[in-house]
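Peer 1: Before I ask anything, here is the structure I am working with.
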Amino acid sequence: SLYKTWLRRSTDYVGNLIGHEGAGSLLSELKKRAWANDITAGVSSDGYNTNTCTYNFDIEVVLTDTGLASHEQVIDLIFGYIALLRGAGPQEDFYNEEAATRVMEFRHLEQEDSFSYAEQLSQNMLWPGMTPEHVVYPHLWMEFHPEEITRVTSQLVPRGMVVLLSSPPVDGTILGIPLEKEEKWFKVKYATLALPEARLAALDAIGNAEAPGC
């Protein structure tokens, strides 16, 4: 379970690569096509997305209007990029750079409210395998584990995804899709659709493609 081996930061490693903003990154390609302004990826440690039963890996893309209209191509690019990561394999140099960055951030932490800090420390102590270092600062990266990183990327597949599109509706629709359902408490209109098998098969082909030179 990733919950028991969270000190390795394997999901953080994958999330940082998907959310990377430098040259050759997924975001740089999305910006070049004027499809997105920002991207974040990873597993939140809020208890809902991270627990003993499941890990929910989120990829959140802030789309432009053009990107919203081209959201299927955006998804194609995401799975193409994940295929590149799988083909390239885990990169220890990148992991070590990120680990060193976390140590530097810890050394320059700003003082925070004592009550909030004590509350955070008590929550940190509940995590399995917690070390004294992580009780103090839970974001340190402790162990590069290529097999686990490979397992994480192997789970990021089209047939395991849920796509959420959020946008102000136009005449009760988003991209021409009628919002026929209503959330019970906040009365928010929404719609649910199943992806056609042909679309999933096309995404499978993209996700299974080999990276050039790998």
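Chain labels run A, B, ... following the order of the structure tokens; each chain numbers its residues from 1, and ligands are numbered from 1 in the order shown.
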Using only C-alpha atoms, which residues sit within 12 Å of A:Asp58 once same-chain residues fewer than 5 positions away are excluded, as a PDB file with C-alpha atoms, in the first residue's frame?

Peer 2:
ATOM      1  CA  THR A  11       3.239   9.996  -6.002  1.00  0.00           C
ATOM      2  CA  ASP A  12       4.855  13.388  -5.321  1.00  0.00           C
ATOM      3  CA  VAL A  14       5.156  11.673 -10.524  1.00  0.00           C
ATOM      4  CA  GLY A  15       2.961  14.668  -9.697  1.00  0.00           C
ATOM      5  CA  ASN A  16       5.901  17.076  -9.846  1.00  0.00           C
ATOM      6  CA  ILE A  18       3.377  16.088 -14.663  1.00  0.00           C
ATOM      7  CA  GLY A  19       3.010  19.549 -13.103  1.00  0.00           C
ATOM      8  CA  ILE A  39      -1.531  22.557 -14.143  1.00  0.00           C
ATOM      9  CA  THR A  40      -1.141  20.770 -10.823  1.00  0.00           C
ATOM     10  CA  ALA A  41      -0.894  17.055 -10.162  1.00  0.00           C
ATOM     11  CA  GLY A  42      -0.541  14.677  -7.233  1.00  0.00           C
ATOM     12  CA  VAL A  43      -2.333  13.142  -4.268  1.00  0.00           C
ATOM     13  CA  SER A  44      -3.788  15.402  -1.603  1.00  0.00           C
ATOM     14  CA  SER A  45      -3.100  14.369   2.003  1.00  0.00           C
ATOM     15  CA  ASN A  49      -7.799  11.264  -1.284  1.00  0.00           C
ATOM     16  CA  THR A  50      -5.156   9.553   0.871  1.00  0.00           C
ATOM     17  CA  ILE A  78      -1.786  14.203 -20.718  1.00  0.00           C
ATOM     18  CA  LEU A 156      -2.471   6.222 -14.480  1.00  0.00           C
ATOM     19  CA  GLY A 160      -9.220   4.397 -14.313  1.00  0.00           C
ATOM     20  CA  MET A 161      -9.933   8.089 -14.795  1.00  0.00           C
ATOM     21  CA  VAL A 162     -12.854  10.347 -14.021  1.00  0.00           C
ATOM     22  CA  VAL A 163     -12.989  13.575 -16.054  1.00  0.00           C
ATOM     23  CA  LEU A 164     -14.548  16.617 -14.375  1.00  0.00           C
TER      24      LEU A 164
END

Peer 1: Report as a PyMOL selection string: the residues of chain A with a DSSP assignment of alpha helix (DSSP H), based on the backbone of this structure.

Peer 2: chain A and resi 10-18+26-32+65-69+71-88+92-107+114-124+132-136+146-155+197-207

Peer 1: Determine, for each residue of stretch 116-190 of chain A having at least one atom at most 10 Å from an atom of stretch 61-66 of chain A, the closest pair of atoms and their separation in Å to one decimal, counting only C-alpha atoms; order by chain and ascending number, as CSV.

Peer 2:
residue,atom,partner,partner_atom,distance
A:Leu165,CA,A:Leu63,CA,9.7
A:Ser166,CA,A:Leu63,CA,9.7
A:Ser167,CA,A:Asp65,CA,9.4

Peer 1: Tell me which protein, DNA and RNA residues are within 8 Å of A:Met142, counting only C-alpha atoms, leaving out same-chain ones fewer than 2 positions away, and put them as a list in words.

Peer 2: Leu7, Arg8, Arg9, Ala99, Leu140 and Phe144 of chain A

Peer 1: Kindly save the residues from that selection, with C-alpha atoms included, as an mmCIF file, in the first residue's frame.

Peer 2:
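Below you can see result16.cif, which holds the result:
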data_model
loop_
_atom_site.group_PDB
_atom_site.id
_atom_site.type_symbol
_atom_site.label_atom_id
_atom_site.label_comp_id
_atom_site.auth_asym_id
_atom_site.auth_seq_id
_atom_site.Cartn_x
_atom_site.Cartn_y
_atom_site.Cartn_z
ATOM 1 C CA LEU A 7 7.899 8.399 2.989
ATOM 2 C CA ARG A 8 9.201 7.462 -0.463
ATOM 3 C CA ARG A 9 7.111 10.260 -2.020
ATOM 4 C CA ALA A 99 14.621 16.086 -2.124
ATOM 5 C CA LEU A 140 10.852 15.653 3.164
ATOM 6 C CA PHE A 144 14.071 6.879 -4.103
#

Peer 1: Which polymer residues have any atom within 7 Å of an atom of A:Lys189, counting only C-alpha atoms, with same-chain residues fewer than 5 positions away left out, as a compact mmCIF listing (two decimals) with C-alpha atoms, in the first residue's frame?

Peer 2:
# COMPACT_ATOMS: atom_id res chain seq x y z
CA LEU A 179 -27.11 19.94 -17.22
CA GLU A 180 -30.11 17.79 -16.32
CA LYS A 181 -29.18 16.80 -12.74
CA GLU A 182 -29.06 18.92 -9.60
CA GLU A 183 -26.87 18.51 -6.50

Peer 1: I'd like the neighbourhood of A:Ser28 as a PyMOL selection string, where a residue qualifies if any of its atoms comes within 12 Å (using only C-alpha atoms), though same-chain residues fewer than 4 positions away should be ignored.

Peer 2: chain A and resi 18-24+32-39+77+81
